[in-house]
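upload.pdb (PDB, C-alpha atoms)
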ATOM      1  CA  MET H 385       0.000   0.000   0.000  1.00  0.00           C
ATOM      2  CA  TYR H 386       2.894   2.355   0.753  1.00  0.00           C
ATOM      3  CA  GLU H 387       5.336   1.012  -1.851  1.00  0.00           C
ATOM      4  CA  ASN H 388       5.519   4.378  -3.573  1.00  0.00           C
ATOM      5  CA  MET H 389       6.577   6.168  -0.381  1.00  0.00           C
ATOM      6  CA  THR H 390      10.316   5.887  -1.019  1.00  0.00           C
ATOM      7  CA  TYR H 391      13.104   8.030   0.343  1.00  0.00           C
ATOM      8  CA  GLU H 392      13.406   9.859  -2.984  1.00  0.00           C
ATOM      9  CA  VAL H 393       9.663  10.599  -3.234  1.00  0.00           C
ATOM     10  CA  ILE H 394       9.451  11.814   0.362  1.00  0.00           C
ATOM     11  CA  LEU H 395      12.564  13.995   0.059  1.00  0.00           C
ATOM     12  CA  LYS H 396      11.295  15.513  -3.206  1.00  0.00           C
ATOM     13  CA  ARG H 397       7.941  16.341  -1.569  1.00  0.00           C
ATOM     14  CA  MET H 398       9.727  17.932   1.377  1.00  0.00           C
ATOM     15  CA  LEU H 399      12.039  19.957  -0.874  1.00  0.00           C
ATOM     16  CA  ASP H 400       9.126  21.046  -3.082  1.00  0.00           C
ATOM     17  CA  ARG H 401       7.684  22.825  -0.043  1.00  0.00           C
ATOM     18  CA  ILE H 402      10.805  24.926   0.352  1.00  0.00           C
ATOM     19  CA  PRO H 403      10.788  28.227  -1.603  1.00  0.00           C
ATOM     20  CA  ASN H 404      13.035  28.307  -4.676  1.00  0.00           C
ATOM     21  CA  SER H 405      14.860  31.304  -3.210  1.00  0.00           C
ATOM     22  CA  ILE H 406      16.588  28.885  -0.811  1.00  0.00           C
ATOM     23  CA  ASP H 407      19.399  26.607  -2.026  1.00  0.00           C
ATOM     24  CA  LYS H 408      17.958  23.044  -2.162  1.00  0.00           C
ATOM     25  CA  ARG H 409      20.842  21.274  -3.921  1.00  0.00           C
ATOM     26  CA  GLU H 410      22.465  18.169  -2.444  1.00  0.00           C
ATOM     27  CA  GLY H 411      24.909  19.296   0.231  1.00  0.00           C
ATOM     28  CA  SER H 412      23.000  22.472   1.065  1.00  0.00           C
ATOM     29  CA  ILE H 413      21.924  23.107   4.647  1.00  0.00           C
ATOM     30  CA  ILE H 414      18.227  22.507   3.966  1.00  0.00           C
ATOM     31  CA  TYR H 415      18.907  19.351   1.940  1.00  0.00           C
ATOM     32  CA  ASP H 416      21.187  17.967   4.653  1.00  0.00           C
ATOM     33  CA  ALA H 417      18.575  18.797   7.295  1.00  0.00           C
ATOM     34  CA  LEU H 418      15.683  17.117   5.432  1.00  0.00           C
ATOM     35  CA  ALA H 419      17.453  14.004   4.101  1.00  0.00           C
ATOM     36  CA  PRO H 420      17.719  12.158   7.456  1.00  0.00           C
ATOM     37  CA  ALA H 421      14.049  12.882   8.190  1.00  0.00           C
ATOM     38  CA  ALA H 422      13.111  11.517   4.746  1.00  0.00           C
ATOM     39  CA  VAL H 423      15.017   8.296   5.508  1.00  0.00           C
ATOM     40  CA  GLU H 424      13.171   7.906   8.809  1.00  0.00           C
ATOM     41  CA  LEU H 425       9.797   8.579   7.175  1.00  0.00           C
ATOM     42  CA  ALA H 426      10.524   6.017   4.429  1.00  0.00           C
ATOM     43  CA  ASN H 427      11.359   3.482   7.158  1.00  0.00           C
ATOM     44  CA  LEU H 428       8.137   4.391   8.947  1.00  0.00           C
ATOM     45  CA  TYR H 429       6.095   3.784   5.789  1.00  0.00           C
ATOM     46  CA  MET H 430       7.777   0.374   5.363  1.00  0.00           C
ATOM     47  CA  GLU H 431       6.829  -0.524   8.934  1.00  0.00           C
ATOM     48  CA  CYS H 432       3.254   0.711   8.376  1.00  0.00           C
ATOM     49  CA  ASP H 433       3.032  -1.533   5.326  1.00  0.00           C
ATOM     50  CA  ASN H 434       4.325  -4.436   7.404  1.00  0.00           C
ATOM     51  CA  VAL H 435       1.764  -3.783  10.173  1.00  0.00           C
ATOM     52  CA  LEU H 436      -1.005  -3.665   7.580  1.00  0.00           C
ATOM     53  CA  ASN H 437       0.126  -6.969   6.052  1.00  0.00           C
ATOM     54  CA  GLU H 438       0.255  -8.639   9.472  1.00  0.00           C
ATOM     55  CA  THR H 439      -3.349  -7.534  10.121  1.00  0.00           C
ATOM     56  CA  PHE H 440      -4.940  -9.860   7.563  1.00  0.00           C
ATOM     57  CA  ALA H 441      -4.905 -13.648   7.711  1.00  0.00           C
ATOM     58  CA  ASP H 442      -3.940 -14.125   4.059  1.00  0.00           C
ATOM     59  CA  THR H 443      -0.780 -11.990   4.343  1.00  0.00           C
ATOM     60  CA  ALA H 444       0.185 -12.471   7.998  1.00  0.00           C
ATOM     61  CA  SER H 445       3.322 -14.328   8.992  1.00  0.00           C
ATOM     62  CA  ARG H 446       2.834 -17.534  10.980  1.00  0.00           C
ATOM     63  CA  TYR H 447       3.564 -15.809  14.297  1.00  0.00           C
ATOM     64  CA  TYR H 448       0.850 -13.171  13.827  1.00  0.00           C
ATOM     65  CA  LEU H 449      -1.533 -15.638  12.208  1.00  0.00           C
ATOM     66  CA  ILE H 450      -1.351 -17.705  15.393  1.00  0.00           C
ATOM     67  CA  LYS H 451      -2.022 -14.559  17.435  1.00  0.00           C
ATOM     68  CA  ARG H 452      -5.082 -13.773  15.268  1.00  0.00           C
ATOM     69  CA  ALA H 453      -6.357 -17.325  15.711  1.00  0.00           C
ATOM     70  CA  GLU H 454      -5.913 -17.073  19.488  1.00  0.00           C
ATOM     71  CA  GLU H 455      -8.366 -14.149  19.462  1.00  0.00           C
ATOM     72  CA  ARG H 456     -10.983 -16.679  18.314  1.00  0.00           C
ATOM     73  CA  GLY H 457      -9.874 -19.398  20.733  1.00  0.00           C
ATOM     74  CA  LEU H 458      -8.048 -21.418  18.068  1.00  0.00           C
ATOM     75  CA  THR H 459      -4.599 -22.922  18.381  1.00  0.00           C
ATOM     76  CA  PRO H 460      -2.614 -24.664  15.650  1.00  0.00           C
ATOM     77  CA  GLU H 461      -2.016 -28.373  15.876  1.00  0.00           C
ATOM     78  CA  LYS H 462       1.552 -29.451  16.435  1.00  0.00           C
ATOM     79  CA  ALA H 463       3.447 -30.759  13.449  1.00  0.00           C
ATOM     80  CA  THR H 464       3.552 -34.546  13.289  1.00  0.00           C
ATOM     81  CA  TYR H 465       5.815 -37.120  11.650  1.00  0.00           C
ATOM     82  CA  ALA H 466       5.048 -38.909   8.376  1.00  0.00           C
ATOM     83  CA  ILE H 467       4.947 -42.701   8.351  1.00  0.00           C
ATOM     84  CA  LEU H 468       6.197 -44.172   5.085  1.00  0.00           C
ATOM     85  CA  LYS H 469       6.554 -47.522   3.415  1.00  0.00           C
ATOM     86  CA  ALA H 470      10.011 -48.676   2.353  1.00  0.00           C
ATOM     87  CA  GLU H 471      10.883 -51.654   0.202  1.00  0.00           C
ATOM     88  CA  CYS H 472      14.295 -53.258   0.632  1.00  0.00           C
ATOM     89  CA  THR H 473      16.174 -55.976  -1.244  1.00  0.00           C
ATOM     90  CA  PRO H 474      17.003 -58.680  -0.713  1.00  0.00           C
ATOM     91  CA  THR H 475      13.644 -59.402   0.906  1.00  0.00           C
ATOM     92  CA  ASN H 476      15.033 -62.053   3.244  1.00  0.00           C
ATOM     93  CA  LEU H 477      17.347 -59.498   4.921  1.00  0.00           C
ATOM     94  CA  GLU H 478      16.221 -58.541   8.443  1.00  0.00           C
ATOM     95  CA  ILE H 479      16.518 -54.833   9.190  1.00  0.00           C
ATOM     96  CA  PRO H 480      16.089 -54.113  12.902  1.00  0.00           C
ATOM     97  CA  ASN H 481      13.839 -51.392  14.341  1.00  0.00           C
ATOM     98  CA  LYS H 482      15.549 -48.032  14.977  1.00  0.00           C
ATOM     99  CA  THR H 483      17.782 -48.514  11.918  1.00  0.00           C
ATOM    100  CA  ARG H 484      18.188 -45.106  10.311  1.00  0.00           C
ATOM    101  CA  PHE H 485      18.168 -44.194   6.636  1.00  0.00           C
ATOM    102  CA  SER H 486      18.776 -40.951   4.769  1.00  0.00           C
ATOM    103  CA  GLY H 487      17.242 -39.607   1.573  1.00  0.00           C
ATOM    104  CA  ASP H 488      16.881 -36.135   0.077  1.00  0.00           C
ATOM    105  CA  GLU H 489      18.203 -34.308   3.161  1.00  0.00           C
ATOM    106  CA  LEU H 490      15.758 -36.148   5.454  1.00  0.00           C
ATOM    107  CA  ASN H 491      16.381 -38.993   7.864  1.00  0.00           C
ATOM    108  CA  TYR H 492      14.047 -41.909   8.547  1.00  0.00           C
ATOM    109  CA  GLU H 493      13.873 -44.552  11.238  1.00  0.00           C
ATOM    110  CA  VAL H 494      12.544 -48.110  10.879  1.00  0.00           C
ATOM    111  CA  ILE H 495       9.638 -48.536  13.301  1.00  0.00           C
ATOM    112  CA  GLU H 496       8.093 -51.812  12.166  1.00  0.00           C
ATOM    113  CA  LYS H 497       8.549 -54.724   9.776  1.00  0.00           C
ATOM    114  CA  MET H 498       5.374 -55.130   7.719  1.00  0.00           C
ATOM    115  CA  GLU H 499       6.463 -58.217   5.778  1.00  0.00           C
ATOM    116  CA  ASN H 500       9.645 -59.558   4.203  1.00  0.00           C
ATOM    117  CA  GLY H 501      11.474 -56.659   2.598  1.00  0.00           C
ATOM    118  CA  ILE H 502       8.791 -54.102   3.526  1.00  0.00           C
ATOM    119  CA  TYR H 503       9.138 -51.753   6.488  1.00  0.00           C
ATOM    120  CA  LYS H 504       7.397 -48.799   8.090  1.00  0.00           C
ATOM    121  CA  LEU H 505       9.630 -45.777   8.457  1.00  0.00           C
ATOM    122  CA  ARG H 506       9.060 -42.623  10.458  1.00  0.00           C
ATOM    123  CA  CYS H 507      10.463 -39.386   9.069  1.00  0.00           C
ATOM    124  CA  GLU H 508      12.588 -37.728  11.743  1.00  0.00           C
ATOM    125  CA  THR H 509      11.540 -34.263  10.563  1.00  0.00           C
ATOM    126  CA  ALA H 510       8.049 -33.191  11.594  1.00  0.00           C
ATOM    127  CA  GLY H 511       5.638 -31.669   9.106  1.00  0.00           C
ATOM    128  CA  ARG H 512       4.538 -32.012   5.510  1.00  0.00           C
ATOM    129  CA  ILE H 513       8.071 -32.242   4.195  1.00  0.00           C
ATOM    130  CA  GLY H 514       8.066 -35.887   5.289  1.00  0.00           C
ATOM    131  CA  ASN H 515       5.237 -36.594   2.824  1.00  0.00           C
ATOM    132  CA  GLU H 516       7.167 -35.416  -0.214  1.00  0.00           C
ATOM    133  CA  TYR H 517      10.161 -37.662  -0.873  1.00  0.00           C
ATOM    134  CA  PHE H 518       9.887 -40.949  -2.729  1.00  0.00           C
ATOM    135  CA  GLY H 519      12.829 -42.897  -3.995  1.00  0.00           C
ATOM    136  CA  ARG H 520      16.166 -44.287  -2.961  1.00  0.00           C
ATOM    137  CA  ILE H 521      17.306 -44.115   0.643  1.00  0.00           C
ATOM    138  CA  ILE H 522      20.652 -45.163   2.058  1.00  0.00           C
ATOM    139  CA  PRO H 523      21.415 -46.510   5.522  1.00  0.00           C
ATOM    140  CA  ILE H 524      23.203 -44.125   7.851  1.00  0.00           C
ATOM    141  CA  GLU H 525      25.191 -47.037   9.228  1.00  0.00           C
ATOM    142  CA  TYR H 526      26.331 -49.851   6.933  1.00  0.00           C
ATOM    143  CA  ILE H 527      23.953 -52.833   6.655  1.00  0.00           C
ATOM    144  CA  GLN H 528      25.693 -56.014   5.513  1.00  0.00           C
ATOM    145  CA  GLY H 529      23.909 -57.505   2.488  1.00  0.00           C
ATOM    146  CA  LEU H 530      21.520 -54.607   1.775  1.00  0.00           C
ATOM    147  CA  GLU H 531      21.242 -54.070  -1.966  1.00  0.00           C
ATOM    148  CA  THR H 532      18.498 -51.433  -2.358  1.00  0.00           C
ATOM    149  CA  ALA H 533      16.108 -49.485  -0.192  1.00  0.00           C
ATOM    150  CA  GLN H 534      13.496 -47.044  -1.373  1.00  0.00           C
ATOM    151  CA  ILE H 535      10.470 -45.190  -0.085  1.00  0.00           C
ATOM    152  CA  THR H 536       7.459 -46.184  -2.159  1.00  0.00           C
ATOM    153  CA  GLU H 537       4.439 -44.573  -0.479  1.00  0.00           C
ATOM    154  CA  VAL H 538       3.127 -42.495   2.389  1.00  0.00           C
ATOM    155  CA  LEU H 539       1.176 -44.630   4.832  1.00  0.00           C
ATOM    156  CA  ILE H 540       0.176 -41.854   7.234  1.00  0.00           C
ATOM    157  CA  PRO H 541       0.618 -38.319   5.877  1.00  0.00           C
ATOM    158  CA  ARG H 542       1.529 -35.604   8.300  1.00  0.00           C
ATOM    159  CA  ARG H 543       0.535 -32.000   8.540  1.00  0.00           C
ATOM    160  CA  ARG H 544       1.879 -28.527   9.022  1.00  0.00           C
TER     161      ARG H 544
END
With the file now loaded, output its structure as structure tokens.
Amino acid sequence: MYENMTYEVILKRMLDRIPNSIDKREGSIIYDALAPAAVELANLYMECDNVLNETFADTASRYYLIKRAEERGLTPEKATYAILKAECTPTNLEIPNKTRFSGDELNYEVIEKMENGIYKLRCETAGRIGNEYFGRIIPIEYIQGLETAQITEVLIPRRR
């Protein structure tokens, strides 16, 4: 809303109010007196724009969105962890619970064997990001005999 209220615009408006009989060039006394005030006013307009944006739910940052929701007695749910299905070969290899894997900057932990070669993994990072990666994962610690491991589907998607 206040994007056009720049330092240059404000300073020009201030200098336009000074009679032409007074020296208004850069470096003059009046210019040097008004320039710092124009900077502060431009900063003030930027902050006013920020306050206005934080007022509405569609433009508010998460922090202020939570504050707006609290006014109505609402609180956000905590982020949860995605549960995913991983397929490993060879299928007769036993991978113990708590074994950790890594893929696409996320880490996963085996929480349950579903059947031979198929395991439930829990993403160690809370939130929706755990729902997004499918593909090859590698063990964080070496597993003797493991040929391939990959995430194939989301069993329980997570939010936030």
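Residues lying within 8 Å of H:Glu493, counting all atoms listed in the file and ignoring same-chain neighbours fewer than 2 positions away, are Asn481, Lys482, Thr483, Arg484, Phe485, Asn491, Ile495, Leu505, Arg506, Cys507 and Glu508 of chain H.
For the structure shown here, the set of residues caught by the PyMOL selection byres ((chain H and resi 489) around 12) is Phe485, Ser486, Gly487, Asp488, Leu490, Asn491, Tyr492, Cys507, Glu508, Thr509, Ile513, Gly514, Glu516, Tyr517, Arg520, Ile521, Ile522 and Ile524 of chain H.
Straight-line separation from atom CA of H:Ile414 to atom CA of H:Tyr391: 15.8 Å.
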| said: Running the PyMOL selection byres ((chain H and resi 454-468) around 9) on this model by hand, what would come out? Give it as number ranges by chain. | reply: H: 449-453, 469-470, 492, 495, 503-515, 535-544
Those same residues, written as a PDB file, in the coordinates of the input with C-alpha atoms?
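Once everything was written out, this is result.pdb:
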ATOM      1  CA  LEU H 449      -1.533 -15.638  12.208  1.00  0.00           C
ATOM      2  CA  ILE H 450      -1.351 -17.705  15.393  1.00  0.00           C
ATOM      3  CA  LYS H 451      -2.022 -14.559  17.435  1.00  0.00           C
ATOM      4  CA  ARG H 452      -5.082 -13.773  15.268  1.00  0.00           C
ATOM      5  CA  ALA H 453      -6.357 -17.325  15.711  1.00  0.00           C
ATOM      6  CA  LYS H 469       6.554 -47.522   3.415  1.00  0.00           C
ATOM      7  CA  ALA H 470      10.011 -48.676   2.353  1.00  0.00           C
ATOM      8  CA  TYR H 492      14.047 -41.909   8.547  1.00  0.00           C
ATOM      9  CA  ILE H 495       9.638 -48.536  13.301  1.00  0.00           C
ATOM     10  CA  TYR H 503       9.138 -51.753   6.488  1.00  0.00           C
ATOM     11  CA  LYS H 504       7.397 -48.799   8.090  1.00  0.00           C
ATOM     12  CA  LEU H 505       9.630 -45.777   8.457  1.00  0.00           C
ATOM     13  CA  ARG H 506       9.060 -42.623  10.458  1.00  0.00           C
ATOM     14  CA  CYS H 507      10.463 -39.386   9.069  1.00  0.00           C
ATOM     15  CA  GLU H 508      12.588 -37.728  11.743  1.00  0.00           C
ATOM     16  CA  THR H 509      11.540 -34.263  10.563  1.00  0.00           C
ATOM     17  CA  ALA H 510       8.049 -33.191  11.594  1.00  0.00           C
ATOM     18  CA  GLY H 511       5.638 -31.669   9.106  1.00  0.00           C
ATOM     19  CA  ARG H 512       4.538 -32.012   5.510  1.00  0.00           C
ATOM     20  CA  ILE H 513       8.071 -32.242   4.195  1.00  0.00           C
ATOM     21  CA  GLY H 514       8.066 -35.887   5.289  1.00  0.00           C
ATOM     22  CA  ASN H 515       5.237 -36.594   2.824  1.00  0.00           C
ATOM     23  CA  ILE H 535      10.470 -45.190  -0.085  1.00  0.00           C
ATOM     24  CA  THR H 536       7.459 -46.184  -2.159  1.00  0.00           C
ATOM     25  CA  GLU H 537       4.439 -44.573  -0.479  1.00  0.00           C
ATOM     26  CA  VAL H 538       3.127 -42.495   2.389  1.00  0.00           C
ATOM     27  CA  LEU H 539       1.176 -44.630   4.832  1.00  0.00           C
ATOM     28  CA  ILE H 540       0.176 -41.854   7.234  1.00  0.00           C
ATOM     29  CA  PRO H 541       0.618 -38.319   5.877  1.00  0.00           C
ATOM     30  CA  ARG H 542       1.529 -35.604   8.300  1.00  0.00           C
ATOM     31  CA  ARG H 543       0.535 -32.000   8.540  1.00  0.00           C
ATOM     32  CA  ARG H 544       1.879 -28.527   9.022  1.00  0.00           C
TER      33      ARG H 544
END
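Residue nearest H:Gly519 within the list H:Leu436, H:Leu395, H:Leu477, H:Cys472: H:Cys472 [criterion: smallest interatomic distance, all atoms listed in the file].
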| remark: The residue from H:Arg409, H:Lys497, H:Glu438, H:Asn388 with the smallest atom-to-atom distance to H:Ala426, counting all atoms listed in the file, is H:Asn388
| remark: atom CA of H:Gln528 to atom CA of H:Met498 measures 20.5 Å
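Of note, atom CA of H:Leu428 and atom CA of H:Met398 are spaced 15.6 Å apart.
Using only C-alpha atoms, the nearest neighbour of H:Ile527 within the list H:Val435, H:Lys408, H:Glu387, H:Ile479 is H:Ile479.
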| task | Write out as an NGL selection string which residues come within 12 Å of H:Cys432 when counting only C-alpha atoms, dropping same-chain ones fewer than 5 positions away. | result | :H and (385-387 or 389 or 425-427 or 437-439)
Given 5 Å on each side, where is the centre and what are the edge lengths in Å to one decimal of the axis-aligned box enclosing the listed atoms of stretch 462-476 of chain H, as AutoDock Vina command-line options?
--center_x 9.3 --center_y -45.8 --center_z 7.6 --size_x 25.5 --size_y 42.6 --size_z 27.7
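For the residues H:Thr443, H:Lys396, H:Glu531, H:Asn500, ranking by smallest atom-to-atom distance to H:Glu410 using all atoms listed in the file places H:Lys396 first.
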| task | Measuring atom to atom with all atoms listed in the file, identify which of H:Glu424, H:Asp400, H:Glu496, H:Ala533 is nearest to H:Phe518. | result | H:Ala533
